[in-house]
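S.K.: Here you go, model_33.cif (mmCIF, C-alpha atoms and all ligand atoms):
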data_coords
loop_
_atom_site.label_atom_id
_atom_site.label_comp_id
_atom_site.auth_asym_id
_atom_site.auth_seq_id
_atom_site.Cartn_x
_atom_site.Cartn_y
_atom_site.Cartn_z
CA MET B 1 -2.37 24.42 -3.94
CA ASP B 2 -0.19 23.41 -1.01
CA ARG B 3 3.50 22.93 -1.56
CA PRO B 4 3.92 19.25 -2.59
CA GLN B 5 5.66 17.33 0.21
CA ARG B 6 8.07 15.57 -2.10
CA PHE B 7 9.22 18.49 -4.26
CA ASP B 8 10.95 21.86 -4.13
CA ALA B 9 11.36 22.21 -7.89
CA VAL B 10 9.84 21.14 -11.20
CA LEU B 11 11.78 20.80 -14.47
CA LEU B 12 9.60 21.48 -17.49
CA ASP B 13 9.98 20.46 -21.09
CA LEU B 14 8.94 23.22 -23.52
CA ASP B 15 7.65 22.08 -26.95
CA GLY B 16 4.60 19.85 -26.60
CA THR B 17 4.42 20.43 -22.83
CA LEU B 18 4.20 24.18 -22.11
CA ILE B 19 3.76 25.50 -25.64
CA ASP B 20 2.23 24.45 -28.94
CA SER B 21 5.00 25.56 -31.30
CA ALA B 22 4.39 23.25 -34.26
CA ARG B 23 3.03 25.83 -36.70
CA ASP B 24 5.96 28.26 -36.37
CA LEU B 25 8.41 25.36 -36.70
CA MET B 26 6.52 24.12 -39.77
CA GLU B 27 6.57 27.55 -41.42
CA ALA B 28 10.31 27.95 -40.78
CA LEU B 29 10.96 24.46 -42.14
CA ASN B 30 8.87 25.19 -45.22
CA ARG B 31 10.82 28.36 -46.02
CA LEU B 32 14.05 26.40 -45.74
CA LEU B 33 12.71 23.49 -47.81
CA ALA B 34 11.42 25.87 -50.52
CA GLU B 35 14.86 27.48 -50.74
CA GLN B 36 16.25 23.99 -51.34
CA GLY B 37 13.65 23.25 -54.01
CA LEU B 38 11.94 20.66 -51.80
CA ARG B 39 8.24 20.13 -51.03
CA ALA B 40 6.55 21.56 -47.96
CA VAL B 41 5.71 19.50 -44.86
CA ASP B 42 2.32 19.66 -43.11
CA LEU B 43 1.50 20.13 -39.45
CA ASP B 44 1.15 16.43 -38.62
CA GLU B 45 4.49 15.67 -40.24
CA THR B 46 6.06 18.53 -38.28
CA ARG B 47 4.63 17.30 -34.97
CA ALA B 48 6.08 13.86 -35.67
CA MET B 49 9.56 15.36 -36.20
CA ILE B 50 9.78 17.70 -33.15
CA GLY B 51 11.51 16.67 -29.95
CA ASP B 52 15.18 16.03 -30.63
CA GLY B 53 16.35 19.56 -31.25
CA ALA B 54 16.56 21.79 -34.31
CA ARG B 55 19.32 19.89 -36.08
CA VAL B 56 17.43 16.57 -35.99
CA LEU B 57 14.24 18.38 -37.02
CA VAL B 58 15.96 19.67 -40.17
CA GLU B 59 17.54 16.26 -40.83
CA ARG B 60 14.14 14.57 -40.60
CA ALA B 61 12.50 17.20 -42.82
CA LEU B 62 15.17 16.74 -45.49
CA ALA B 63 14.86 12.95 -45.32
CA ARG B 64 11.08 13.13 -45.63
CA THR B 65 11.03 15.49 -48.61
CA GLY B 66 13.68 13.82 -50.73
CA GLY B 67 16.57 16.05 -49.67
CA ALA B 68 19.91 14.94 -48.25
CA PRO B 69 19.84 14.62 -44.42
CA ASP B 70 23.61 15.23 -44.48
CA ASP B 71 22.90 18.83 -45.53
CA ALA B 72 21.34 19.56 -42.12
CA ALA B 73 24.57 20.75 -40.51
CA ARG B 74 25.25 23.18 -43.35
CA LEU B 75 21.66 24.46 -43.32
CA MET B 76 21.39 24.96 -39.53
CA PRO B 77 22.47 28.63 -39.43
CA ARG B 78 19.92 29.44 -42.13
CA PHE B 79 17.14 27.46 -40.39
CA LEU B 80 17.83 29.13 -37.05
CA ALA B 81 17.89 32.59 -38.66
CA ILE B 82 14.49 31.95 -40.25
CA TYR B 83 12.99 30.41 -37.10
CA GLU B 84 14.39 32.88 -34.58
CA ALA B 85 13.17 35.85 -36.64
CA ASP B 86 9.54 34.77 -36.08
CA ALA B 87 9.42 32.02 -33.47
CA SER B 88 6.29 33.10 -31.59
CA ARG B 89 3.86 34.31 -34.27
CA HIS B 90 1.52 31.32 -33.79
CA THR B 91 3.14 29.69 -30.77
CA ARG B 92 0.96 29.74 -27.65
CA PRO B 93 0.96 28.18 -24.19
CA TYR B 94 -1.42 25.21 -23.97
CA PRO B 95 -4.70 25.85 -22.14
CA GLY B 96 -4.26 26.52 -18.44
CA VAL B 97 -0.44 26.69 -18.56
CA VAL B 98 -0.15 30.29 -17.34
CA GLU B 99 -2.62 29.81 -14.46
CA THR B 100 -0.98 26.54 -13.46
CA LEU B 101 2.53 28.01 -13.47
CA GLU B 102 1.15 30.80 -11.26
CA ARG B 103 -0.19 28.19 -8.84
CA LEU B 104 3.10 26.27 -8.78
CA LYS B 105 5.09 29.44 -8.08
CA ALA B 106 2.59 30.56 -5.41
CA ALA B 107 3.11 27.18 -3.74
CA GLY B 108 6.83 28.02 -3.47
CA LEU B 109 8.16 25.69 -6.17
CA ARG B 110 11.18 26.66 -8.23
CA LEU B 111 10.74 26.11 -11.96
CA ALA B 112 13.15 25.51 -14.84
CA VAL B 113 12.73 24.86 -18.55
CA VAL B 114 14.85 21.99 -19.88
CA THR B 115 14.33 21.78 -23.63
CA ASN B 116 16.10 20.47 -26.71
CA LYS B 117 15.17 23.70 -28.52
CA PRO B 118 18.21 25.97 -28.95
CA GLU B 119 18.57 28.33 -25.99
CA ALA B 120 18.32 31.64 -27.90
CA ALA B 121 14.98 30.70 -29.49
CA THR B 122 13.80 29.29 -26.16
CA ARG B 123 14.51 32.53 -24.31
CA ALA B 124 12.93 34.65 -27.05
CA ILE B 125 9.73 32.57 -27.00
CA LEU B 126 9.51 32.53 -23.20
CA GLU B 127 9.79 36.33 -23.21
CA ALA B 128 7.31 36.83 -26.06
CA LEU B 129 4.73 34.67 -24.26
CA ALA B 130 5.51 36.24 -20.85
CA LEU B 131 6.50 32.84 -19.45
CA ASP B 132 10.04 33.93 -18.58
CA ARG B 133 8.80 35.48 -15.31
CA PHE B 134 8.05 31.97 -13.96
CA MET B 135 11.44 30.43 -14.76
CA ASP B 136 14.35 30.31 -12.32
CA ALA B 137 16.58 28.59 -14.88
CA VAL B 138 16.55 27.81 -18.61
CA VAL B 139 18.66 25.05 -20.20
CA GLY B 140 18.39 24.69 -24.00
CA GLY B 141 19.41 22.01 -26.44
CA ASP B 142 22.69 23.77 -27.20
CA THR B 143 23.46 25.03 -23.69
CA LEU B 144 25.62 21.97 -23.02
CA ALA B 145 27.23 19.46 -25.38
CA GLN B 146 24.57 16.92 -24.30
CA ARG B 147 20.82 17.11 -24.74
CA LYS B 148 17.89 14.95 -23.58
CA PRO B 149 17.68 11.94 -23.28
CA ASP B 150 21.08 12.56 -21.67
CA PRO B 151 20.45 13.59 -18.04
CA ALA B 152 23.16 16.31 -18.12
CA PRO B 153 20.80 19.23 -18.96
CA LEU B 154 18.48 18.22 -16.11
CA ARG B 155 21.42 18.03 -13.71
CA GLU B 156 22.59 21.44 -14.92
CA ALA B 157 19.13 22.92 -14.25
CA LEU B 158 19.13 21.43 -10.73
CA ARG B 159 22.61 22.81 -10.13
CA ARG B 160 21.47 26.28 -11.17
CA LEU B 161 18.42 25.99 -8.91
CA GLY B 162 20.48 24.69 -6.02
CA ILE B 163 18.09 21.71 -5.66
CA GLU B 164 18.92 18.01 -5.15
CA ALA B 165 17.54 15.48 -7.63
CA GLY B 166 15.53 13.85 -4.83
CA ARG B 167 13.49 17.05 -4.39
CA ALA B 168 12.49 17.62 -8.02
CA ALA B 169 10.17 16.20 -10.67
CA MET B 170 10.43 16.27 -14.47
CA VAL B 171 7.43 17.00 -16.74
CA GLY B 172 7.47 16.29 -20.48
CA ASP B 173 5.70 14.94 -23.55
CA ASN B 174 8.28 12.61 -25.00
CA HIS B 175 10.13 9.40 -24.20
CA HIS B 176 13.42 11.31 -23.94
CA ASP B 177 11.95 13.42 -21.12
CA VAL B 178 11.14 10.23 -19.21
CA GLU B 179 14.55 8.68 -19.92
CA ALA B 180 16.45 11.82 -18.96
CA GLY B 181 14.37 12.29 -15.82
CA HIS B 182 14.92 8.75 -14.63
CA ALA B 183 18.64 8.86 -15.48
CA ALA B 184 18.92 12.02 -13.35
CA GLY B 185 17.00 10.33 -10.50
CA LEU B 186 13.74 12.27 -10.92
CA PRO B 187 10.19 10.93 -11.07
CA VAL B 188 8.45 11.99 -14.27
CA VAL B 189 4.99 13.28 -15.10
CA ALA B 190 4.20 12.71 -18.80
CA VAL B 191 1.62 14.81 -20.65
CA SER B 192 -0.55 13.07 -23.24
CA TYR B 193 -1.31 16.07 -25.51
CA GLY B 194 2.14 16.88 -26.93
CA TYR B 195 4.33 15.64 -29.78
CA ALA B 196 5.12 12.21 -28.43
CA HIS B 197 6.73 9.65 -30.70
CA GLY B 198 4.74 6.69 -29.43
CA ALA B 199 2.14 6.34 -26.68
CA PRO B 200 2.95 8.57 -23.67
CA GLY B 201 1.23 6.05 -21.39
CA GLU B 202 3.93 3.52 -22.30
CA PHE B 203 7.03 5.62 -21.62
CA GLY B 204 7.32 4.45 -18.01
CA ALA B 205 6.50 7.82 -16.44
CA GLU B 206 5.26 7.66 -12.84
CA ARG B 207 2.20 9.78 -13.71
CA LEU B 208 0.33 10.64 -16.92
CA ILE B 209 -1.83 13.77 -17.22
CA ASP B 210 -4.13 14.82 -20.06
CA ARG B 211 -4.16 18.56 -19.26
CA PHE B 212 -1.42 20.78 -17.83
CA PRO B 213 -3.76 22.05 -15.06
CA ASP B 214 -3.77 18.48 -13.68
CA LEU B 215 -0.10 18.88 -12.76
CA PRO B 216 -0.52 20.23 -9.19
CA ASP B 217 -2.67 17.23 -8.21
CA ALA B 218 -0.22 14.86 -9.90
CA LEU B 219 2.70 16.41 -7.94
CA ASN B 220 0.73 16.19 -4.69
CA SER B 221 0.00 12.51 -5.34
CA PHE B 222 3.64 11.42 -4.90
O1 LIG K 1 13.36 21.45 -30.26
C1 LIG K 1 12.79 20.36 -30.09
O2 LIG K 1 12.98 19.40 -30.83
C2 LIG K 1 11.80 20.16 -28.97
O3 LIG K 1 12.20 20.48 -27.74
P1 LIG K 1 11.52 20.02 -26.36
O4 LIG K 1 10.33 19.15 -26.61
O5 LIG K 1 12.66 19.34 -25.67
O6 LIG K 1 11.12 21.33 -25.72
MG MG K 2 8.68 18.16 -25.82
#
If you took the structure in this file and wrote it as structure tokens, what would it be?
M.R.:
Amino acid sequence: MDRPQRFDAVLLDLDGTLIDSARDLMEALNRLLAEQGLRAVDLDETRAMIGDGARVLVERALARTGGAPDDAARLMPRFLAIYEADASRHTRPYPGVVETLERLKAAGLRLAVVTNKPEAATRAILEALALDRFMDAVVGGDTLAQRKPDPAPLREALRRLGIEAGRAAMVGDNHHDVEAGHAAGLPVVAVSYGYAHGAPGEFGAERLIDRFPDLPDALNSF
């Protein structure tokens, strides 16, 4: 691909955009829930709860299974220990992600992950899946005090890349990716295959793609 005229950098959401991580998150949740004497959640329930960081994931899982959502804060260290010990057993990049990231880098774009997943787990997964080599910056859900939909993590990624908001695009699967992107002054490409809460076509993103390999054309269409 040619370097898109409008962009020098692309900020990328992780879960539901670059990687399908639902099964490892479900298995970690189910170990935690079993320890609390609560029922297991299935994959569809897990997908519907991903997207607002680990703490909200645990809160939602407790609420759904008859536990006390208020216990989430207390249970976080245990959940993260379980999840981080085995975060990439089943987690894989979506089809065409590796090849597409290669194309974006070859076109001279700088890339950053901006995710609500805690940074330690994010870095471990990126390394395990050999995606870390593409990333010029990584901002996790606990890197700053704010997380998406707050624009602060996107601004922090741009600062680390040395890129102005006007020269970057955001890519993500959820409404908070669109909100954060717009609040930071970035156009947004939404993906339709992730863990969206609602219809991705209705989030107000400038472009909607059904496959990650459609991203270069979407970026070139601005
Ligand atoms: O950890 C989560 O809830 C998901 O994170 P992401 O979709 O922002 O990558
Ligand atoms: Mg996501």
S.K.: Using all atoms listed in the file, pick whichever of B:Ala34, B:Ala40, B:Val171, B:Met135 has the shortest atom-to-atom distance to ligand MG 2 (chain K).
M.R.: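 Nearest candidate to ligand MG 2 (chain K) out of B:Ala34, B:Ala40, B:Val171, B:Met135: B:Val171.
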S.K.: Return as CSV the residues of chain B lying at most 7 Å from ligand LIG 1 (chain K), together with the closest atom-to-atom pair for each and the distance in Å to one decimal, counting only C-alpha atoms and all ligand atoms, with rows in chain order and ascending residue number.
M.R.:
residue,atom,partner,partner_atom,distance
B:Asp13,CA,K:LIG1,O6,4.8
B:Leu14,CA,K:LIG1,O6,3.6
B:Asp15,CA,K:LIG1,O6,3.8
B:Gly16,CA,K:LIG1,O4,5.8
B:Ile50,CA,K:LIG1,O2,4.3
B:Gly51,CA,K:LIG1,O2,3.2
B:Asp52,CA,K:LIG1,O2,4.0
B:Gly53,CA,K:LIG1,O2,3.4
B:Ala54,CA,K:LIG1,O1,5.2
B:Leu57,CA,K:LIG1,O2,6.4
B:Val114,CA,K:LIG1,O5,6.7
B:Thr115,CA,K:LIG1,O5,3.6
B:Asn116,CA,K:LIG1,O5,3.8
B:Lys117,CA,K:LIG1,O1,3.4
B:Pro118,CA,K:LIG1,O1,6.8
B:Asp173,CA,K:LIG1,O4,7.0
S.K.: Could you write those residues out with C-alpha atoms, as an mmCIF file, keeping the file's coordinate frame?
M.R.:
data_model
loop_
_atom_site.group_PDB
_atom_site.id
_atom_site.type_symbol
_atom_site.label_atom_id
_atom_site.label_comp_id
_atom_site.auth_asym_id
_atom_site.auth_seq_id
_atom_site.Cartn_x
_atom_site.Cartn_y
_atom_site.Cartn_z
ATOM 1 C CA ASP B 13 9.980 20.460 -21.090
ATOM 2 C CA LEU B 14 8.940 23.220 -23.520
ATOM 3 C CA ASP B 15 7.650 22.080 -26.950
ATOM 4 C CA GLY B 16 4.600 19.850 -26.600
ATOM 5 C CA ILE B 50 9.780 17.700 -33.150
ATOM 6 C CA GLY B 51 11.510 16.670 -29.950
ATOM 7 C CA ASP B 52 15.180 16.030 -30.630
ATOM 8 C CA GLY B 53 16.350 19.560 -31.250
ATOM 9 C CA ALA B 54 16.560 21.790 -34.310
ATOM 10 C CA LEU B 57 14.240 18.380 -37.020
ATOM 11 C CA VAL B 114 14.850 21.990 -19.880
ATOM 12 C CA THR B 115 14.330 21.780 -23.630
ATOM 13 C CA ASN B 116 16.100 20.470 -26.710
ATOM 14 C CA LYS B 117 15.170 23.700 -28.520
ATOM 15 C CA PRO B 118 18.210 25.970 -28.950
ATOM 16 C CA ASP B 173 5.700 14.940 -23.550
#
S.K.: Just give me the gap between CA of Ala190 (chain B) and CA of Asn174 (chain B) in Å, one decimal is fine.
M.R.: 7.4 Å
S.K.: Near Ala68 (chain B), counting all atoms listed in the file, which residues have an atom at most 12 Å away, once you skip same-chain residues fewer than 5 positions from it, shown as number ranges by chain?
M.R.: B: 33, 36-38, 58-63, 73-75
S.K.: Hey, can you check how far CA of Asp136 (chain B) sits from CA of Arg3 (chain B)?
M.R.: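 Atom-to-atom, CA of Asp136 (chain B) and CA of Arg3 (chain B) are spaced 17.0 Å apart.
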S.K.: Using all atoms listed in the file, pick whichever of B:Arg133, B:Lys148, B:Arg78, B:Arg167 has the shortest atom-to-atom distance to Glu102 (chain B).
M.R.: B:Arg133
S.K.: Ranking B:Ala28, B:Val139, B:Ala196, B:Ala9 by minimum distance to Leu109 (chain B) and counting only C-alpha atoms, which one comes first?
M.R.: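 Selected residue with least distance to Leu109 (chain B): B:Ala9.
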S.K.: Which of these, B:Ala165, B:Leu32, B:Val191, B:Met26, has the shortest distance to Glu45 (chain B) once you count all atoms listed in the file?
M.R.: B:Met26
S.K.: Write out as a count of residues only each polymer residue whose atoms come within 7 Å of Arg23 (chain B), counting all atoms listed in the file; drop sequence neighbours fewer than 2 positions from it.
M.R.: 6
S.K.: Nearest to ligand MG 2 (chain K): which of B:Arg103, B:His175, B:Arg31, B:Arg160 is it, counting all atoms listed in the file?
M.R.: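 Checking each candidate against ligand MG 2 (chain K), we get B:His175 as the closest.
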S.K.: Show me the residues close to (3.7, 30.7, -3.5) - anything with an atom within 12 Å, counting all atoms listed in the file - and format the list as a list of chain:residue names.
M.R.: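 Answer for this query, in the requested form: B:Met1, B:Asp2, B:Arg3, B:Pro4, B:Asp8, B:Thr100, B:Leu101, B:Glu102, B:Arg103, B:Leu104, B:Lys105, B:Ala106, B:Ala107, B:Gly108, B:Leu109, B:Arg110, B:Leu111, B:Phe134.
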S.K.: Which one of B:Ala183, B:Ala169, B:Leu131, B:Val138 sits closest to Val97 (chain B) if you count only C-alpha atoms?
M.R.: B:Leu131
S.K.: Assuming the input is short of atoms at region 71-85 of chain B, produce N, CA and C atoms for that part as a short mmCIF file (atom, residue, chain, number, x, y, z; two decimals), in the coordinates of the input.
M.R.:
data_model
loop_
_atom_site.label_atom_id
_atom_site.label_comp_id
_atom_site.auth_asym_id
_atom_site.auth_seq_id
_atom_site.Cartn_x
_atom_site.Cartn_y
_atom_site.Cartn_z
N ASP B 71 22.82 17.37 -45.35
CA ASP B 71 22.90 18.83 -45.53
C ASP B 71 22.47 19.59 -44.27
N ALA B 72 21.91 18.87 -43.28
CA ALA B 72 21.34 19.56 -42.12
C ALA B 72 22.36 20.46 -41.42
N ALA B 73 23.57 19.96 -41.23
CA ALA B 73 24.57 20.75 -40.51
C ALA B 73 24.83 22.07 -41.23
N ARG B 74 24.98 21.98 -42.54
CA ARG B 74 25.25 23.18 -43.35
C ARG B 74 24.07 24.16 -43.31
N LEU B 75 22.86 23.61 -43.24
CA LEU B 75 21.66 24.46 -43.32
C LEU B 75 21.22 25.01 -41.96
N MET B 76 21.84 24.54 -40.87
CA MET B 76 21.39 24.96 -39.53
C MET B 76 21.40 26.46 -39.32
N PRO B 77 22.49 27.17 -39.67
CA PRO B 77 22.47 28.63 -39.43
C PRO B 77 21.30 29.30 -40.15
N ARG B 78 21.03 28.87 -41.37
CA ARG B 78 19.92 29.44 -42.13
C ARG B 78 18.57 29.11 -41.46
N PHE B 79 18.40 27.84 -41.05
CA PHE B 79 17.14 27.46 -40.39
C PHE B 79 16.94 28.28 -39.12
N LEU B 80 17.99 28.40 -38.31
CA LEU B 80 17.83 29.13 -37.05
C LEU B 80 17.54 30.60 -37.29
N ALA B 81 18.16 31.17 -38.34
CA ALA B 81 17.89 32.59 -38.66
C ALA B 81 16.42 32.76 -39.04
N ILE B 82 15.90 31.85 -39.85
CA ILE B 82 14.49 31.95 -40.25
C ILE B 82 13.59 31.77 -39.03
N TYR B 83 13.86 30.72 -38.24
CA TYR B 83 12.99 30.41 -37.10
C TYR B 83 13.05 31.50 -36.03
N GLU B 84 14.26 31.91 -35.68
CA GLU B 84 14.39 32.88 -34.58
C GLU B 84 13.80 34.24 -34.94
N ALA B 85 13.72 34.55 -36.24
CA ALA B 85 13.17 35.85 -36.64
C ALA B 85 11.66 35.91 -36.36
#
